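Chemist: This is the content of structure-v4.csv (CSV, C-alpha atoms):
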chain,number,residue,atom,x,y,z
D,1,MET,CA,124.4,97.7,91.9
D,2,PRO,CA,127.1,100.1,91.0
D,3,PHE,CA,127.9,100.2,87.3
D,4,LEU,CA,131.5,100.8,86.1
D,5,ARG,CA,131.2,101.8,82.4
D,6,PHE,CA,134.4,101.9,80.4
D,7,LYS,CA,134.6,103.8,77.1
D,8,GLY,CA,137.3,103.6,74.5
D,9,PHE,CA,138.9,100.5,75.9
D,10,GLN,CA,139.5,97.1,74.1
D,11,LYS,CA,137.1,94.3,75.3
D,12,ASP,CA,140.0,91.9,75.9
D,13,PHE,CA,141.7,94.3,78.3
D,14,ILE,CA,138.5,95.1,80.3
D,15,THR,CA,137.7,91.4,80.5
D,16,SER,CA,141.2,90.6,81.8
D,17,VAL,CA,141.2,93.2,84.5
D,18,SER,CA,137.5,93.0,85.5
D,19,PRO,CA,138.1,90.5,88.4
D,20,ASP,CA,140.7,92.9,89.9
D,21,ILE,CA,138.5,95.9,89.5
D,22,ILE,CA,135.5,94.2,91.1
D,23,GLN,CA,137.6,93.0,94.0
D,24,GLU,CA,139.2,96.4,94.6
D,25,PHE,CA,135.9,98.3,94.3
D,26,SER,CA,134.1,95.8,96.6
D,27,LYS,CA,136.9,96.0,99.2
D,28,LEU,CA,136.8,99.8,99.2
D,29,THR,CA,133.0,100.2,99.2
D,30,GLY,CA,131.7,97.2,101.1
D,31,VAL,CA,129.5,96.3,98.1
D,32,VAL,CA,129.4,92.6,97.6
D,33,PRO,CA,131.3,91.6,94.4
D,34,GLU,CA,128.2,90.1,92.8
D,35,LYS,CA,126.5,93.5,92.8
D,36,VAL,CA,129.3,95.3,91.0
D,37,LYS,CA,128.5,95.6,87.3
D,38,ILE,CA,131.2,96.1,84.6
D,39,GLU,CA,130.2,97.4,81.2
D,40,LEU,CA,132.1,98.2,78.1
D,41,LEU,CA,130.4,100.9,76.1
D,42,LEU,CA,131.1,100.6,72.4
D,43,ILE,CA,131.1,104.1,71.0
D,44,GLU,CA,132.1,105.8,67.8
D,45,GLN,CA,134.5,108.6,68.6
D,46,LEU,CA,133.7,111.7,66.5
D,47,ASN,CA,136.6,113.7,67.8
D,48,ASN,CA,139.6,113.2,70.2
D,49,SER,CA,137.7,111.8,73.1
D,50,PRO,CA,139.7,110.4,76.0
D,51,LEU,CA,139.4,106.9,77.5
D,52,SER,CA,137.0,107.2,80.4
D,53,LEU,CA,135.5,105.3,83.2
D,54,GLU,CA,132.0,106.3,84.4
D,55,ILE,CA,131.0,105.1,87.9
D,56,LEU,CA,127.3,105.1,88.5
D,57,MET,CA,126.5,104.6,92.1
D,58,PHE,CA,124.7,106.1,95.1
D,59,PRO,CA,126.6,109.0,96.8
D,60,ARG,CA,129.2,108.2,99.4
D,61,GLU,CA,131.5,110.5,101.4
D,62,GLN,CA,134.0,112.5,99.3
D,63,GLU,CA,136.9,110.5,100.9
D,64,MET,CA,135.3,107.3,99.6
D,65,HIS,CA,135.0,108.6,96.1
D,66,ASP,CA,138.6,109.8,96.2
D,67,ARG,CA,139.8,106.4,97.4
D,68,ILE,CA,137.8,104.6,94.7
D,69,VAL,CA,139.2,106.8,91.9
D,70,GLN,CA,142.8,106.5,93.2
D,71,ALA,CA,142.6,102.7,93.4
D,72,LEU,CA,141.1,102.4,89.9
D,73,TYR,CA,143.5,104.9,88.4
D,74,ASP,CA,146.4,103.1,89.9
D,75,LEU,CA,145.2,99.8,88.5
D,76,LEU,CA,144.7,101.3,85.0
D,77,HIS,CA,147.9,103.2,85.1
D,78,ALA,CA,149.8,100.0,86.0
D,79,HIS,CA,148.5,98.7,82.6
D,80,GLY,CA,149.7,101.8,80.7
D,81,PHE,CA,146.5,103.8,80.8
D,82,GLY,CA,147.5,106.9,82.8
D,83,ASP,CA,145.4,109.4,80.9
D,84,VAL,CA,141.9,107.9,81.7
D,85,HIS,CA,139.2,110.3,82.8
D,86,ILE,CA,137.3,108.9,85.8
D,87,PHE,CA,134.0,110.4,87.0
D,88,PHE,CA,130.9,109.6,89.0
D,89,ILE,CA,127.3,109.8,88.0
D,90,LEU,CA,125.6,109.8,91.3
D,91,LEU,CA,122.2,108.1,91.6
D,92,SER,CA,119.4,108.7,94.0
D,93,PRO,CA,117.7,105.7,95.7
D,94,HIS,CA,114.4,107.7,95.3
D,95,LEU,CA,114.9,107.9,91.5
D,96,TYR,CA,116.3,104.3,91.0
D,97,TYR,CA,113.5,101.9,90.2
D,98,LYS,CA,113.4,98.2,90.6
D,99,GLU,CA,110.2,96.2,89.9
D,100,GLY,CA,108.5,99.5,89.1
D,101,GLN,CA,109.1,100.9,92.6
D,102,PRO,CA,111.7,103.4,93.8
D,103,LEU,CA,114.6,101.5,95.5
D,104,LYS,CA,114.2,103.6,98.6
D,105,THR,CA,110.5,102.5,98.9
D,106,ILE,CA,111.5,98.8,98.5
D,107,GLN,CA,114.2,99.1,101.1
D,108,SER,CA,111.8,100.8,103.5
D,109,GLU,CA,109.1,98.1,103.0
D,110,SER,CA,111.5,95.2,103.5
D,111,MET,CA,112.8,96.8,106.7
D,112,SER,CA,109.3,97.2,108.1
D,113,ILE,CA,108.5,93.6,107.3
D,114,THR,CA,111.5,92.1,109.1
Please re-express this file's structure in C-alpha cells.
Modeler:
Amino acid sequence: MPFLRFKGFQKDFITSVSPDIIQEFSKLTGVVPEKVKIELLLIEQLNNSPLSLEILMFPREQEMHDRIVQALYDLLHAHGFGDVHIFFILLSPHLYYKEGQPLKTIQSESMSIT
C-alpha cells in the first residue's frame, strides 16, 4: 500500500527506474512488491519548485525511514538527480479506509476470524 509519488520528473525516466525502486523499497520494508505503488504527479510549476518524491506510508522506526531515503536518494543520484527532495507523509491505519472501513478495523476483524 505505500505510495511513492514523484513530482517534476519525466514519465519515461520514472517508468524505466520503477522496477528498481519497487525492488529496493520492498527489500528494505518487507512490503511485497505488488503492494508498492508508483505514481507520477503531473504538476504545473508556478515557481522554482524542486524535484520531489513523496512517500505515503504507515510509520516505521526512524532508522527504517532513514534507510529508505538513503537507498532511493542513491538510486536517483546515480541517474543524475542529486537535488531531489524526499519526504514522508505518514498515514494512520485508523484513518486509512478500505471498503468504507478503517484499515485497522479490517485487520482486527480478519485476525479474530482466523
Chemist: Excluding range 67-69 of chain D and any residue of its chain fewer than 4 positions from it, enumerate the residues within 7 Å of it, using only C-alpha atoms, and give them as a short mmCIF file (atom, residue, chain, number, x, y, z; two decimals) with C-alpha atoms, in the coordinates of the input.
Modeler:
data_model
loop_
_atom_site.label_atom_id
_atom_site.label_comp_id
_atom_site.auth_asym_id
_atom_site.auth_seq_id
_atom_site.Cartn_x
_atom_site.Cartn_y
_atom_site.Cartn_z
CA PHE D 25 135.90 98.30 94.30
CA LEU D 28 136.80 99.80 99.20
CA GLU D 63 136.90 110.50 100.90
CA TYR D 73 143.50 104.90 88.40
CA ILE D 86 137.30 108.90 85.80
#
Chemist: Let me make sure I understand: among D:Thr29, D:Gln101, D:Gln23, D:Ser49, which one has the smallest atom-to-atom distance to Val84 in chain D if we use all atoms listed in the file?
Modeler: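 Checking each of D:Thr29, D:Gln101, D:Gln23, D:Ser49 against Val84 in chain D, counting all atoms listed in the file, the winner is D:Ser49.
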Chemist: Neighbourhood query: residues within 10 Å of (132.6, 113.2, 86.5), file coordinates, counting all atoms listed in the file; return as a PDB file with C-alpha atoms, keeping the file's coordinate frame.
Modeler:
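This is the output file part-v8.pdb:
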ATOM      1  CA  SER D  52     137.000 107.200  80.400  1.00  0.00           C
ATOM      2  CA  LEU D  53     135.500 105.300  83.200  1.00  0.00           C
ATOM      3  CA  GLU D  54     132.000 106.300  84.400  1.00  0.00           C
ATOM      4  CA  ILE D  55     131.000 105.100  87.900  1.00  0.00           C
ATOM      5  CA  LEU D  56     127.300 105.100  88.500  1.00  0.00           C
ATOM      6  CA  HIS D  85     139.200 110.300  82.800  1.00  0.00           C
ATOM      7  CA  ILE D  86     137.300 108.900  85.800  1.00  0.00           C
ATOM      8  CA  PHE D  87     134.000 110.400  87.000  1.00  0.00           C
ATOM      9  CA  PHE D  88     130.900 109.600  89.000  1.00  0.00           C
ATOM     10  CA  ILE D  89     127.300 109.800  88.000  1.00  0.00           C
ATOM     11  CA  LEU D  90     125.600 109.800  91.300  1.00  0.00           C
TER      12      LEU D  90
END
Chemist: Just give me the gap between CA of Gln10 in chain D and CA of Leu40 in chain D in Å, one decimal is fine.
Modeler: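 Taking CA of Gln10 in chain D and CA of Leu40 in chain D, their separation equals 8.5 Å.
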Chemist: Which residues are near Lys104 in chain D? Cut-off 10 Å, all atoms listed in the file, ignore same chain within fewer than 6 positions. Put them as a ChimeraX atom specification.
Modeler: /D:92-98
Chemist: Can you write out the residues you just picked, keeping C-alpha atoms, as an mmCIF file, in the coordinates of the input?
Modeler:
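As a result, part.cif now contains:
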data_model
loop_
_atom_site.group_PDB
_atom_site.id
_atom_site.type_symbol
_atom_site.label_atom_id
_atom_site.label_comp_id
_atom_site.auth_asym_id
_atom_site.auth_seq_id
_atom_site.Cartn_x
_atom_site.Cartn_y
_atom_site.Cartn_z
ATOM 1 C CA SER D 92 119.400 108.700 94.000
ATOM 2 C CA PRO D 93 117.700 105.700 95.700
ATOM 3 C CA HIS D 94 114.400 107.700 95.300
ATOM 4 C CA LEU D 95 114.900 107.900 91.500
ATOM 5 C CA TYR D 96 116.300 104.300 91.000
ATOM 6 C CA TYR D 97 113.500 101.900 90.200
ATOM 7 C CA LYS D 98 113.400 98.200 90.600
#
Chemist: Between CA of Lys37 in chain D and CA of Phe81 in chain D, what is the distance, to one decimal in Å?
Modeler: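 According to the coordinates, CA of Lys37 in chain D and CA of Phe81 in chain D are separated by 20.8 Å.
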Chemist: What's the separation between CA of Leu4 in chain D and CA of Leu76 in chain D, in Å to one decimal place?
Modeler: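 That distance, rounded to one decimal, is 13.3 Å.
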Chemist: For Glu24 in chain D, please output as a short mmCIF file (atom, residue, chain, number, x, y, z; two decimals) with C-alpha atoms, in the coordinates of the input all residues within 10 Å (counting all atoms listed in the file; exclusion window: fewer than 6 positions along the same chain).
Modeler:
data_model
loop_
_atom_site.label_atom_id
_atom_site.label_comp_id
_atom_site.auth_asym_id
_atom_site.auth_seq_id
_atom_site.Cartn_x
_atom_site.Cartn_y
_atom_site.Cartn_z
CA SER D 18 137.50 93.00 85.50
CA GLY D 30 131.70 97.20 101.10
CA PRO D 33 131.30 91.60 94.40
CA ILE D 68 137.80 104.60 94.70
CA ALA D 71 142.60 102.70 93.40
CA LEU D 72 141.10 102.40 89.90
CA LEU D 75 145.20 99.80 88.50
#
Chemist: List as a count of residues only the residues having at least one atom at most 12 Å from position (141.6, 94.6, 75.7) as given in the file, counting only C-alpha atoms.
Modeler: 18
